Amino acid sequence: MSSSEPAVPLEAALQALAPSGHVCSIHERELEHLELISTFVRIGLERGEKCVYIADQGGEGRIEQALYARGVDVGAALRTRALVLMSPGEAHLQGDSFDPYRMFTLWKDLSSRAREEGFARLRGAADMQWMVRAAPGSERWLAYERHLTQLAAQSQCVLLCQYHRPNFRAEQMLDVIRTHPSVIHRGTVAQNIYYLPSEVAAQADSYESELENLLNDIGRREHADYVLRQQREEDQRRSERRLNVALESSSVAFTILGAVRDEAGRIIDFSWQYANPEAARIIGRSLSELMGKRIREVLPDAWDSPGLFECFAHVAETGQQGMIEASFTPYGVSSSWQNIVTKLDDGVAVWFPDITERRRAADEVRRSEAYLADGQRISHTGSWAWDVASREISFWSLEHFRMLGLDPKEKPTYERMRPLVHPDDVAFIEENFARAVREHVGFDHEFRILRGDGQLRHLRSVGHPVFDDRGTLIEYAGTIVDCTEQKLAEATLRATQTELARASRLATLGELTASIAHEVSQPLAAIIAQGDAARRWLGRAPPDVGEAARAMEGVTENARRARDVIARIRSLARKADNERELLDLNEIIRDILALVDGELRQNGVTLRTDFDPTLPRIFGDRVQLQQVAVNLIVNGVEAISTLTQGLRELVVQTSLSDREEVHVAIQDSGIGLPEQDLQTIFEPFYTTKSQGMGIGLSISRSIIQAHNGRLWAERNKDAPGITVHFTLPVREGLAAEGAPGEPRA
C-alpha cells in the first residue's frame with residue numbers, strides 16, 4: 001500500500017466488498033473513523049443485514065449521531081434489532097479480560113441469530129481501541145486477528161476491525177496489516193497483498209522473513225496496480241455512459257456553452273458545445289443547428305431577459321455559481337425558466353428547469369392571498385394560528401391586526417393583545433382557551449376589547465385543533481370576527497321588540513276598557529254606599545258606632561280591591577327593562593283572570609280553572625309573562641264570543657310535565673281553526689280578526705322562546721275550538737334561586 005496506488009471511492013468500494021470477509025481500517029482522524037463506520041453500517045441496513053457494532057467506551061452516542069447524519073433512522077433500526085450497539089464490556093473485555101475463544105463464540109452466535117431473525121447475514125464491526133489499555137489477555141490479540149478471516153468465511157459474514165493509528169505502535173500496525181486480507185486507509189479500499197494467512201503467519205517469527213515476503217511480492221504489486229488502473233478506466237467509462245443516459249433522457253434542459261471573446265478578451269457571446277434533447281426541444285432547433293453556433297446567431301433575442309447575459313459572463317469569469325430566472329417565448333407561448341449556471345472550462349454549464357407552472361402557481365397564491373385579505377377586510381374577519389410546541393402565536397392576518405388597532409410590522413403576541421381585552425373578560429377567555437388545549441377540543445367565545453383609539457369592540461374567536469399524522473396536537477387555527485355592528489343591531493332590535501310588546505299590551509288594555517271600567521266602578525260604588533251607611537249610623541241618637549265601624553271596614557276592603565285592579569293595569573302598561581325574578585305562575589294567571597273577569601261576563605263565557613298547587617316557581621320577567629297570559633286568554637274569549645249557540649267555556653290549566661317543565665294550557669270552545677293555520681297564527685301580522693294587528697301571538701312566542709320555553713296550538717279532540725299550550729323550564733328557575741342576576745352566556 002502506498003500513495004501511488006489508485007484510490008477507489010469509499011462508497012463504491014464498500015458496496016463492492018464481498019458478502020463475507022475480514023477487513024481492517026486504519027484511520028488518522030476521528031472524522032475518518034465516523035464516516036467509514038456510518039457508511040459501512042448504512043450499506044448493511046439497506047441490504048437487509050443485521051449490523052452489530054462494538055464501540056469504544058462511551059462511543060455509542062457519536063456513532064448514532066453519525067448514522068443520523070447519513071439519513072439512517074437509528075430509532076427504527078434499534079427497535080427492530082437490525083442495529084445492535086455494544087460496549088467492550090459486553091464483548092472483548094467481558095469479565096474485564098480478553099478471551100479470543102469467547103469472541104469467536106460470540107461472532108458465531110450473532111451470525112446464526114441474524115439468519116434465524118430473517119436477516120440476510122451478519123455485518124460486524126469493532127473499535128479496537130480497547131487493546132491499548134493492556135487488559136488481561138490482550139497479548140492474545142494477534143492470534144485472535146489471525147483466525148478471524150477463517151471465522152468470517154465459515155460464518156458467511158463481514159467483520160471490520162477499526163484502528164486509530166496514532167494510538168498503536170508501528171510493529172502493532174504491521175501485524176494489523178499482515179492479518180487482514182483487505183485494508184481501508186485514507187478513503188481507499190485495497191486488497192492487501194501483504195496479508196499473511198494464519199498458517200503462513202505462524203512461521204514468520206522475525207522481521208527478516210517479513211522483509212523476504214515483501215520483496216517477493218513486489219512483482220505482484222505491479223500487477224495489482226495494473227488491475228486497479230484498468231478498473232479505474234472502466235469505472236470512468238461506465239460513469240460517462242450513465243451520465244450520458246441521464247442527460248439524454250432528462251426532462252430538465254441542460255447545455256454546455258463556450259465563451260466567445262473579442263480581441264480584448266471580453267466575453268461578447270456564448271456558443272453551444274452540448275445540448276440535451278430537452279434543451280433542443282425548448283429552443284426549437286435541432287442539435288445540428290445548435291452545435292458550434294453562437295447564441296445570438298440562432299436566437300437574436302435570447303439575451304433580452306434583464307441580467308441573463310451578465311449572469312452567464314460573471315460565472316464564466318469568476319467561477320461563482322449563478323442562478324437567475326428568465327422568460328422565453330418558444331412557439332409564441334411565454335414560459336419561465338430557472339437558470340442554474342456553473343463554470344466549466346472557458347464557459348458555463350447550465351441547467352434550466354421549466355418553472356412556468358411554479359411561477360403561475362405562485363401568482364395564483366398571491367392573488368388568492370389578496371382576495372382573502374379583501375374578503376376578510378370586507379367581512380371584518382381575521383385569521384390566526386397558535387403553535388402548541390412553542391406556545392406562541394405563529395400567525396395573524398392583516399385584518400386581525402386591524403381589528404386590534406396594532407401595527408402588522410410587529411410580531412403578533414398575546415402579550416400585545418392582553419392589555420386590550422376588557423378586564424371583565426380576561427379570565428374568561430384565558431380559562432376557556434386553556435381548557436380547550438387541555439382537552440384537545442375546539443372553542444368559540446366572545447369578548448370585548450378597548451382599542452387604543454378609545455373604541456369598544458365586540459369580537460368572536462373560533463378555534464379548532466390541528467393534529468399531525470400520529471394524532472399529536474400541533475397547533476390551533478381559527479378566525480376572529482368583529483361583531484360590534486351585530487351587537488348594536490341586536491340591541492336596537494331588542495329595544496324595538498320591547499316597544500312593540502308594550503304597544504301590544506296597551507292595545508290589549510284598550511280592548512278591555514269596558515271590563516276595566518266595570519272592575520273599577522264596582523268597588524267605587526260599594527265605597528260610596530258603605531260610606532253613606534256609616535254616616536247614617538253615626539247620625540242616629542245615640543250613634544250606632546258598631547254598625548258604622550262595620551261599614552268602614554267595607555269601605556277599606558273595596559278600596560284595596562280598586563287599588564289591586566289599578567296595580568294590575570299599571571303593571572301591564574308600565575315601560576320597564578327585562579327584569580328576571582322567581583315567579584309563581586299560578587299567581588300571575590289569577591291576576592290576569594281577575595283583570596278580564598268583566599270581559600268574561602260580558603261575553604257570557606264560563607271560566608273553569610285547574611291550577612296545580614304544587615307548581616314550582618320559575619325564573620322569568622313578570623310583565624312579559626303577564627302579557628302572554630292576557631293575550632292568550634283574551635284571544636280565547638274573542639273566539640268564543642262569535643258563537644251563537646253551544647257551549648261557551650274557557651278552561652285554564654297549570655301542571656308540571658314529565659320533562660320538568662311548567663305547562664299552561666288555555667282551551668276555548670270557539671269556532672276553531674283549520675289544521676294548516678295552527679302554525680301560521682304565530683307569524684307576525686297574521687290575524688283572523690277584522691280589526692286585529694296580528695302581533696299578539698307573534699310577540700307571545702318570542703317572549704316564551706326568550707324564556708327557553710315552547711308555545712304551540714292544537715285543535716281540541718272531539719270538541720270545537722283550540723287549545724294553546726306553553727311550557728317554561730323549571731330547572732333554570734331552581735338553579736337561579738339565591739342568584740341575583742343571569743349567568744354569563
# chains A, B, ... in the order shown; residues from 1 in each chain; ligands from 1
>>> residues_around(residues="Ile63 (chain A)", least_positions_apart="5", cutoff="9 Å", atoms="only C-alpha atoms", output="PyMOL selection string")
chain A and resi 34+37-38+55+68+85
>>> residues_around(residues="region 445-455 of chain A", least_positions_apart="2", cutoff="10 Å", atoms="only C-alpha atoms", output="short mmCIF file (atom, residue, chain, number, x, y, z; two decimals) with N, CA, C and O atoms, in the first residue's frame")
data_model
loop_
_atom_site.label_atom_id
_atom_site.label_comp_id
_atom_site.auth_asym_id
_atom_site.auth_seq_id
_atom_site.Cartn_x
_atom_site.Cartn_y
_atom_site.Cartn_z
N MET A 403 -58.23 44.89 13.37
CA MET A 403 -59.29 44.85 14.39
C MET A 403 -58.77 45.35 15.75
O MET A 403 -59.47 46.05 16.47
N LEU A 404 -57.54 44.93 16.07
CA LEU A 404 -56.99 45.28 17.37
C LEU A 404 -56.33 46.66 17.39
O LEU A 404 -55.94 47.16 18.45
N GLY A 405 -56.19 47.25 16.19
CA GLY A 405 -55.54 48.56 16.11
C GLY A 405 -54.05 48.46 16.36
O GLY A 405 -53.44 49.41 16.88
N LEU A 406 -53.41 47.33 15.95
CA LEU A 406 -51.98 47.12 16.17
C LEU A 406 -51.22 47.17 14.85
O LEU A 406 -51.78 46.97 13.78
N MET A 417 -51.82 41.72 22.89
CA MET A 417 -53.28 41.75 22.81
C MET A 417 -53.93 41.86 24.19
O MET A 417 -54.99 42.49 24.33
N ARG A 418 -53.34 41.24 25.20
CA ARG A 418 -53.99 41.12 26.51
C ARG A 418 -54.39 42.46 27.11
O ARG A 418 -55.50 42.59 27.66
N PRO A 419 -53.55 43.53 27.05
CA PRO A 419 -53.97 44.80 27.65
C PRO A 419 -55.21 45.40 26.99
O PRO A 419 -55.87 46.26 27.59
N LEU A 420 -55.54 44.95 25.76
CA LEU A 420 -56.71 45.50 25.07
C LEU A 420 -58.00 44.82 25.49
O LEU A 420 -59.08 45.38 25.31
N VAL A 421 -57.90 43.60 26.04
CA VAL A 421 -59.10 42.85 26.41
C VAL A 421 -59.77 43.51 27.62
O VAL A 421 -59.10 43.95 28.56
N HIS A 422 -61.09 43.60 27.56
CA HIS A 422 -61.85 44.19 28.67
C HIS A 422 -61.51 43.44 29.96
O HIS A 422 -61.49 42.20 29.98
N PRO A 423 -61.24 44.15 31.05
CA PRO A 423 -60.83 43.47 32.29
C PRO A 423 -61.80 42.40 32.75
O PRO A 423 -61.39 41.39 33.33
N ASP A 424 -63.09 42.59 32.48
CA ASP A 424 -64.08 41.60 32.92
C ASP A 424 -64.04 40.32 32.09
O ASP A 424 -64.64 39.31 32.47
N ASP A 425 -63.34 40.35 30.93
CA ASP A 425 -63.34 39.20 30.02
C ASP A 425 -62.02 38.44 30.01
O ASP A 425 -61.93 37.37 29.41
N VAL A 426 -60.97 38.98 30.64
CA VAL A 426 -59.64 38.37 30.55
C VAL A 426 -59.65 36.95 31.11
O VAL A 426 -59.24 35.99 30.45
N PHE A 428 -62.09 34.94 31.67
CA PHE A 428 -63.00 34.07 30.93
C PHE A 428 -62.33 33.47 29.69
O PHE A 428 -62.34 32.25 29.49
N ILE A 429 -61.70 34.31 28.85
CA ILE A 429 -61.12 33.79 27.61
C ILE A 429 -59.87 32.96 27.89
O ILE A 429 -59.60 31.97 27.19
N ASN A 432 -61.11 29.55 29.15
CA ASN A 432 -61.76 28.83 28.06
C ASN A 432 -60.72 28.26 27.10
O ASN A 432 -60.81 27.10 26.66
N PHE A 433 -59.70 29.05 26.77
CA PHE A 433 -58.65 28.59 25.85
C PHE A 433 -57.80 27.50 26.50
O PHE A 433 -57.47 26.49 25.87
N PHE A 443 -63.00 25.67 20.45
CA PHE A 443 -63.64 26.63 21.34
C PHE A 443 -64.30 27.72 20.51
O PHE A 443 -63.98 27.92 19.34
N ARG A 457 -64.99 47.37 21.15
CA ARG A 457 -65.39 46.46 20.08
C ARG A 457 -65.74 45.09 20.66
O ARG A 457 -65.13 44.63 21.63
N HIS A 458 -66.74 44.45 20.05
CA HIS A 458 -67.14 43.09 20.43
C HIS A 458 -66.54 42.13 19.41
O HIS A 458 -66.76 42.27 18.20
N LEU A 459 -65.77 41.13 19.87
CA LEU A 459 -65.12 40.17 18.99
C LEU A 459 -65.57 38.76 19.34
O LEU A 459 -65.87 38.45 20.49
N ARG A 460 -65.57 37.91 18.30
CA ARG A 460 -65.87 36.49 18.49
C ARG A 460 -64.73 35.68 17.90
O ARG A 460 -64.39 35.85 16.73
N SER A 461 -64.12 34.83 18.71
CA SER A 461 -62.99 34.00 18.26
C SER A 461 -63.42 32.53 18.27
O SER A 461 -63.96 32.04 19.24
N VAL A 462 -63.16 31.86 17.13
CA VAL A 462 -63.48 30.44 16.98
C VAL A 462 -62.19 29.72 16.60
O VAL A 462 -61.50 30.14 15.66
N GLY A 463 -61.82 28.67 17.31
CA GLY A 463 -60.60 27.93 17.02
C GLY A 463 -60.84 26.43 17.01
O GLY A 463 -61.74 25.94 17.68
N ILE A 480 -61.29 35.24 13.81
CA ILE A 480 -61.78 36.22 14.77
C ILE A 480 -62.65 37.20 14.00
O ILE A 480 -62.25 37.68 12.93
N VAL A 481 -63.84 37.46 14.50
CA VAL A 481 -64.83 38.26 13.78
C VAL A 481 -65.19 39.47 14.64
O VAL A 481 -65.46 39.33 15.84
N ASP A 482 -65.21 40.65 14.01
CA ASP A 482 -65.68 41.86 14.67
C ASP A 482 -67.21 41.89 14.55
O ASP A 482 -67.75 42.11 13.47
N CYS A 483 -67.89 41.62 15.65
CA CYS A 483 -69.36 41.55 15.64
C CYS A 483 -69.97 42.75 16.36
O CYS A 483 -71.08 42.66 16.89
N THR A 484 -69.23 43.89 16.40
CA THR A 484 -69.73 45.07 17.10
C THR A 484 -71.04 45.56 16.47
O THR A 484 -72.02 45.83 17.19
N ALA A 745 -73.24 34.36 29.43
CA ALA A 745 -73.55 33.50 28.30
C ALA A 745 -72.27 32.89 27.77
O ALA A 745 -71.24 33.51 27.81
#
>>> select_by_dssp(residues="region 289-442 of chain A", states="helix (DSSP H, G or I)", output="JSON, numbers by chain")
{"A": [289, 290, 295, 296, 297, 298, 302, 303, 304, 308, 309, 310, 311, 312, 313, 314, 315, 316, 317, 318, 330, 331, 332, 356, 357, 358, 359, 360, 361, 362, 363, 364, 365, 366, 367, 368, 369, 370, 371, 372, 373, 374, 375, 376, 377, 378, 379, 398, 399, 400, 401, 402, 403, 404, 414, 415, 416, 417, 418, 419, 420, 426, 427, 428, 429, 430, 431, 432, 433, 434, 435, 436, 437, 438, 439]}
>>> residues_around(residues="region 285-296 of chain A", least_positions_apart="4", cutoff="6 Å", atoms="only C-alpha atoms", output="list in words")
Phe270, Ser271, Trp272, Gln273, Ala280 and Pro300 of chain A
>>> write_last_selection(atoms="C-alpha atoms", output="short mmCIF file (atom, residue, chain, number, x, y, z; two decimals), in the first residue's frame")
data_model
loop_
_atom_site.label_atom_id
_atom_site.label_comp_id
_atom_site.auth_asym_id
_atom_site.auth_seq_id
_atom_site.Cartn_x
_atom_site.Cartn_y
_atom_site.Cartn_z
CA PHE A 270 -21.58 32.11 -25.95
CA SER A 271 -21.66 29.18 -28.34
CA TRP A 272 -23.28 25.77 -27.96
CA GLN A 273 -20.92 22.90 -27.22
CA ALA A 280 -33.11 21.41 -28.19
CA PRO A 300 -31.16 37.06 -31.78
#
>>> closest_residue(among="A:Arg242, A:Arg115, A:Lys343, A:Arg540", to="Leu257 (chain A)", atoms="only C-alpha atoms")
A:Lys343
>>> atom_distance(atom1="CA of His22 (chain A)", atom2="CA of Thr188 (chain A)")
15.8 Å
>>> select_by_dssp(residues="region 124-346 of chain A", states="strand (DSSP E or B)", output="NGL selection string")
:A and (124-127 or 158-164 or 182-185 or 188-191 or 253-261 or 267-275 or 291 or 294 or 322-328 or 335-343)
